[in-house]
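Here the structure comes first, spelled out in structure tokens, and everything after it is commentary.
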Amino acid sequence: MKTNYSSLIILGLWAILSFSLASCESGDTTKPVINLIEPAEGDVLEIGEEVHFEMEVSDNDLLREYKVEIHHNFDGHNHEATRAEEELVPFFFEQTWSDISGKKNASIHHHDIVIPEDAAPGDYHLEVFCTDASGNEAYIVRNIELSHEGGDHDHDHED
């Protein structure tokens with residue numbers, strides 16, 4: 001009996017290709033969902049105080065980590081600074097947490113982000129990034145202001 005090796009090779013390659021395409025199509029491509037509760041858009045945060053940070057995150061599969069970044073958004077505005085203000089430095093904060101890893105939903109509440117006394121007042125961006133177990137990333141940006149005057153604190157602290 002004569003075996004047709006070329007037919008077997010083609011059949012094998014077709015099976016491998018079909019399996020590869022099927023596994024690529026079934027991967028998770030859905031980004032996590034971020035519900036940033038506080039700080040709200042336009043909030044004024046007091047220099048020298050802790051930031052009340054609260055959010056809920058969820059994913060159709062599993063979450064991996066989230067990152068919070070705060071950086072200045074001065075946009076080159078021409079402000080006349082006093083000598084004391086010139087000694088202040090733009091505030092920058094960045095931290096990643098993985099305490100949500102393996103969960104589908106998480107409520108997050110932090111008071112460990114502190115704005116130092118030497119932070120320059122002005123406009124800032126607060127960005128939150130959330131990554132799921134498949135590597136999909138979602139983010140949200142809030143415009144906030146840092147001030148020595150402080151803001152309204154109409155929220156409840158539940159620790």
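Residues are named by chain letter and number: chains run A, B, ... in the order of the structure tokens, numbers start at 1 in each chain, and ligands are numbered from 1 in the order shown.
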
Residues within 9 Å of Pro32 in chain A, please, as a compact mmCIF listing (two decimals) with C-alpha atoms, in the first residue's frame. Count only C-alpha atoms; anything in the same chain fewer than 5 positions from it doesn't count.
```txt
# COMPACT_ATOMS: atom_id res chain seq x y z
CA VAL A 57 -12.64 48.20 39.30
CA SER A 58 -13.95 45.12 37.53
CA ASP A 59 -13.11 42.83 34.64
CA ASN A 60 -14.85 40.11 32.68
CA ASP A 61 -12.01 37.73 33.54
CA LEU A 62 -9.45 38.57 36.26
CA LEU A 63 -7.73 41.78 37.36
CA CYS A 130 -5.90 49.21 35.51
CA THR A 131 -4.57 46.03 33.85
CA ASP A 132 -6.29 42.66 33.71
CA ASN A 136 -5.64 44.63 28.63
CA GLU A 137 -5.34 48.12 30.10
CA ALA A 138 -7.91 50.83 30.79
CA TYR A 139 -7.22 54.30 32.15
```

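With only C-alpha atoms as the atoms that count, the minimum distance from Asp99 in chain A to the choices A:Ile47, A:Arg64, A:Ser134, A:Ile9 is reached by A:Arg64.
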
Give me, as a PDB file with C-alpha atoms, in the first residue's frame, all polymer residues having an atom no more than 7 Å from range 143-150 of chain A, counting only C-alpha atoms and skipping those fewer than 5 positions away in the same chain.
```
ATOM      1  CA  GLU A  41     -13.055  66.029  38.265  1.00  0.00           C
ATOM      2  CA  GLY A  42     -11.924  69.527  39.309  1.00  0.00           C
ATOM      3  CA  ASP A  43     -11.342  68.692  42.987  1.00  0.00           C
ATOM      4  CA  VAL A  44      -9.008  70.990  44.910  1.00  0.00           C
ATOM      5  CA  LEU A  45      -6.607  68.969  47.071  1.00  0.00           C
ATOM      6  CA  GLU A  46      -4.776  70.527  49.980  1.00  0.00           C
ATOM      7  CA  ILE A  47      -0.991  70.616  49.946  1.00  0.00           C
ATOM      8  CA  PRO A 121       0.277  74.674  43.772  1.00  0.00           C
ATOM      9  CA  GLY A 122      -1.485  74.547  40.437  1.00  0.00           C
ATOM     10  CA  ASP A 123      -3.193  72.301  37.933  1.00  0.00           C
ATOM     11  CA  TYR A 124      -2.398  68.581  37.909  1.00  0.00           C
ATOM     12  CA  HIS A 125      -3.538  65.383  36.233  1.00  0.00           C
ATOM     13  CA  LEU A 126      -4.485  62.340  38.282  1.00  0.00           C
TER      14      LEU A 126
END
```

Close residues, Val89 in chain A itself excluded, 7 Å, only C-alpha atoms, min 2 positions apart in chain, as a PyMOL selection string: chain A and resi 87+91+118-120

Could you take the residues named above and write them with N, CA and C atoms, as a compact mmCIF listing (two decimals), in the first residue's frame?
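The resulting selection-v1.txt:
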```
# COMPACT_ATOMS: atom_id res chain seq x y z
N GLU A 87 10.53 78.25 45.20
CA GLU A 87 11.23 77.17 45.86
C GLU A 87 10.41 75.88 45.88
N PHE A 91 4.81 68.50 42.06
CA PHE A 91 4.57 67.22 42.72
C PHE A 91 4.44 66.12 41.68
N ASP A 118 6.16 70.90 50.20
CA ASP A 118 6.91 71.69 49.21
C ASP A 118 6.37 71.54 47.79
N ALA A 119 5.19 70.93 47.64
CA ALA A 119 4.59 70.77 46.31
C ALA A 119 4.12 72.11 45.77
N ALA A 120 4.36 72.34 44.50
CA ALA A 120 3.91 73.58 43.86
C ALA A 120 2.41 73.55 43.66
```

Extract the full set of strand (DSSP E) residues from range 27-126 of chain A according to DSSP on the backbone, and format it as a PyMOL selection string. chain A and resi 33-38+44-46+50-58+63-72+93-97+105-114+122-126

Generate a file of the selected residues that holds N, CA and C atoms, formatted as a short mmCIF file (atom, residue, chain, number, x, y, z; two decimals), in the first residue's frame.
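See out31.cif below for the written result:
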```cif
data_model
loop_
_atom_site.label_atom_id
_atom_site.label_comp_id
_atom_site.auth_asym_id
_atom_site.auth_seq_id
_atom_site.Cartn_x
_atom_site.Cartn_y
_atom_site.Cartn_z
N VAL A 33 -12.93 47.77 33.76
CA VAL A 33 -13.78 48.95 33.94
C VAL A 33 -13.35 49.65 35.22
N ILE A 34 -13.13 50.97 35.13
CA ILE A 34 -12.72 51.78 36.27
C ILE A 34 -13.83 52.76 36.61
N ASN A 35 -14.25 52.75 37.86
CA ASN A 35 -15.20 53.75 38.36
C ASN A 35 -14.47 54.54 39.45
N LEU A 36 -13.87 55.66 39.06
CA LEU A 36 -13.12 56.50 40.00
C LEU A 36 -14.11 57.41 40.72
N ILE A 37 -14.26 57.19 42.02
CA ILE A 37 -15.23 57.93 42.82
C ILE A 37 -14.61 59.22 43.35
N GLU A 38 -13.41 59.12 43.93
CA GLU A 38 -12.69 60.29 44.43
C GLU A 38 -11.21 60.14 44.17
N VAL A 44 -10.15 70.25 44.40
CA VAL A 44 -9.01 70.99 44.91
C VAL A 44 -8.48 70.21 46.11
N LEU A 45 -7.23 69.76 46.01
CA LEU A 45 -6.61 68.97 47.07
C LEU A 45 -5.62 69.84 47.83
N GLU A 46 -5.60 69.67 49.13
CA GLU A 46 -4.78 70.53 49.98
C GLU A 46 -3.34 70.02 50.07
N GLU A 50 -3.28 64.30 53.06
CA GLU A 50 -3.44 63.04 52.33
C GLU A 50 -4.60 63.17 51.35
N VAL A 51 -4.51 62.40 50.29
CA VAL A 51 -5.55 62.38 49.25
C VAL A 51 -6.54 61.28 49.59
N HIS A 52 -7.82 61.60 49.58
CA HIS A 52 -8.84 60.57 49.72
C HIS A 52 -9.06 59.96 48.34
N PHE A 53 -8.67 58.69 48.18
CA PHE A 53 -8.74 58.00 46.89
C PHE A 53 -9.69 56.83 47.03
N GLU A 54 -10.70 56.80 46.15
CA GLU A 54 -11.67 55.72 46.20
C GLU A 54 -12.11 55.36 44.78
N MET A 55 -12.12 54.06 44.48
CA MET A 55 -12.58 53.61 43.17
C MET A 55 -13.05 52.16 43.26
N GLU A 56 -13.76 51.76 42.21
CA GLU A 56 -14.17 50.37 42.01
C GLU A 56 -13.66 49.95 40.65
N VAL A 57 -13.11 48.74 40.57
CA VAL A 57 -12.64 48.20 39.30
C VAL A 57 -13.24 46.81 39.10
N SER A 58 -13.42 46.45 37.84
CA SER A 58 -13.95 45.12 37.53
C SER A 58 -13.45 44.69 36.16
N LEU A 63 -8.55 40.58 37.27
CA LEU A 63 -7.73 41.78 37.36
C LEU A 63 -6.30 41.41 37.71
N ARG A 64 -5.34 42.28 37.38
CA ARG A 64 -3.94 42.06 37.73
C ARG A 64 -3.42 43.14 38.68
N GLU A 65 -3.50 44.44 38.25
CA GLU A 65 -2.92 45.52 39.04
C GLU A 65 -3.51 46.85 38.62
N TYR A 66 -3.24 47.86 39.44
CA TYR A 66 -3.62 49.23 39.08
C TYR A 66 -2.50 50.17 39.50
N LYS A 67 -2.44 51.29 38.79
CA LYS A 67 -1.40 52.29 39.03
C LYS A 67 -2.06 53.66 39.13
N VAL A 68 -1.57 54.47 40.07
CA VAL A 68 -2.02 55.85 40.21
C VAL A 68 -0.83 56.76 39.94
N GLU A 69 -1.04 57.75 39.09
CA GLU A 69 0.01 58.72 38.79
C GLU A 69 -0.58 60.12 38.91
N ILE A 70 0.16 61.01 39.56
CA ILE A 70 -0.21 62.42 39.64
C ILE A 70 0.98 63.23 39.13
N HIS A 71 0.74 64.09 38.15
CA HIS A 71 1.80 64.94 37.62
C HIS A 71 1.23 66.32 37.27
N HIS A 72 2.11 67.31 37.20
CA HIS A 72 1.66 68.68 36.96
C HIS A 72 1.12 68.84 35.55
N PHE A 93 3.75 61.81 41.67
CA PHE A 93 3.49 60.58 42.42
C PHE A 93 3.20 59.48 41.44
N GLU A 94 3.75 58.29 41.71
CA GLU A 94 3.44 57.11 40.90
C GLU A 94 3.60 55.88 41.79
N GLN A 95 2.57 55.06 41.83
CA GLN A 95 2.64 53.81 42.59
C GLN A 95 1.72 52.79 41.95
N THR A 96 2.19 51.53 41.95
CA THR A 96 1.42 50.41 41.42
C THR A 96 1.10 49.45 42.55
N TRP A 97 -0.15 48.99 42.57
CA TRP A 97 -0.58 48.01 43.56
C TRP A 97 -1.06 46.75 42.84
N ASN A 105 -13.65 41.75 40.78
CA ASN A 105 -14.15 43.05 41.23
C ASN A 105 -13.37 43.46 42.47
N ALA A 106 -13.17 44.77 42.62
CA ALA A 106 -12.49 45.25 43.82
C ALA A 106 -12.91 46.68 44.12
N SER A 107 -13.12 46.95 45.41
CA SER A 107 -13.35 48.31 45.90
C SER A 107 -12.06 48.76 46.57
N ILE A 108 -11.54 49.91 46.16
CA ILE A 108 -10.24 50.38 46.63
C ILE A 108 -10.43 51.70 47.35
N HIS A 109 -9.79 51.81 48.50
CA HIS A 109 -9.90 53.00 49.34
C HIS A 109 -8.52 53.26 49.92
N HIS A 110 -7.92 54.40 49.56
CA HIS A 110 -6.58 54.74 50.04
C HIS A 110 -6.57 56.10 50.74
N HIS A 111 -5.71 56.19 51.73
CA HIS A 111 -5.37 57.47 52.35
C HIS A 111 -3.85 57.59 52.46
N ASP A 112 -3.12 56.79 51.68
CA ASP A 112 -1.65 56.78 51.79
C ASP A 112 -0.95 57.60 50.72
N ILE A 113 -1.69 58.36 49.94
CA ILE A 113 -1.10 59.29 48.98
C ILE A 113 -1.08 60.66 49.67
N VAL A 114 0.11 61.17 49.96
CA VAL A 114 0.24 62.43 50.68
C VAL A 114 0.92 63.46 49.78
N GLY A 122 -1.13 74.40 41.84
CA GLY A 122 -1.49 74.55 40.44
C GLY A 122 -2.30 73.38 39.93
N ASP A 123 -2.40 73.33 38.60
CA ASP A 123 -3.19 72.30 37.93
C ASP A 123 -2.38 71.03 37.77
N TYR A 124 -3.03 69.90 38.00
CA TYR A 124 -2.40 68.58 37.91
C TYR A 124 -3.35 67.61 37.22
N HIS A 125 -2.77 66.53 36.73
CA HIS A 125 -3.54 65.38 36.23
C HIS A 125 -3.40 64.25 37.23
N LEU A 126 -4.50 63.58 37.53
CA LEU A 126 -4.48 62.34 38.28
C LEU A 126 -4.93 61.26 37.31
#
```

So which one's closest to Thr30 in chain A, A:Glu127, A:Gly48, A:Lys103, A:Ala133? Using only C-alpha atoms, please.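 Among A:Glu127, A:Gly48, A:Lys103, A:Ala133, it is A:Ala133 that comes nearest to Thr30 in chain A.
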
What is the CA of Val141 in chain A to CA of Val128 in chain A distance in Å?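 Rounded to one decimal, the two atoms are 6.6 Å apart.
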
Could you check how far CA of Ala40 in chain A sits from CA of Glu117 in chain A, in Å to one decimal? 22.0 Å
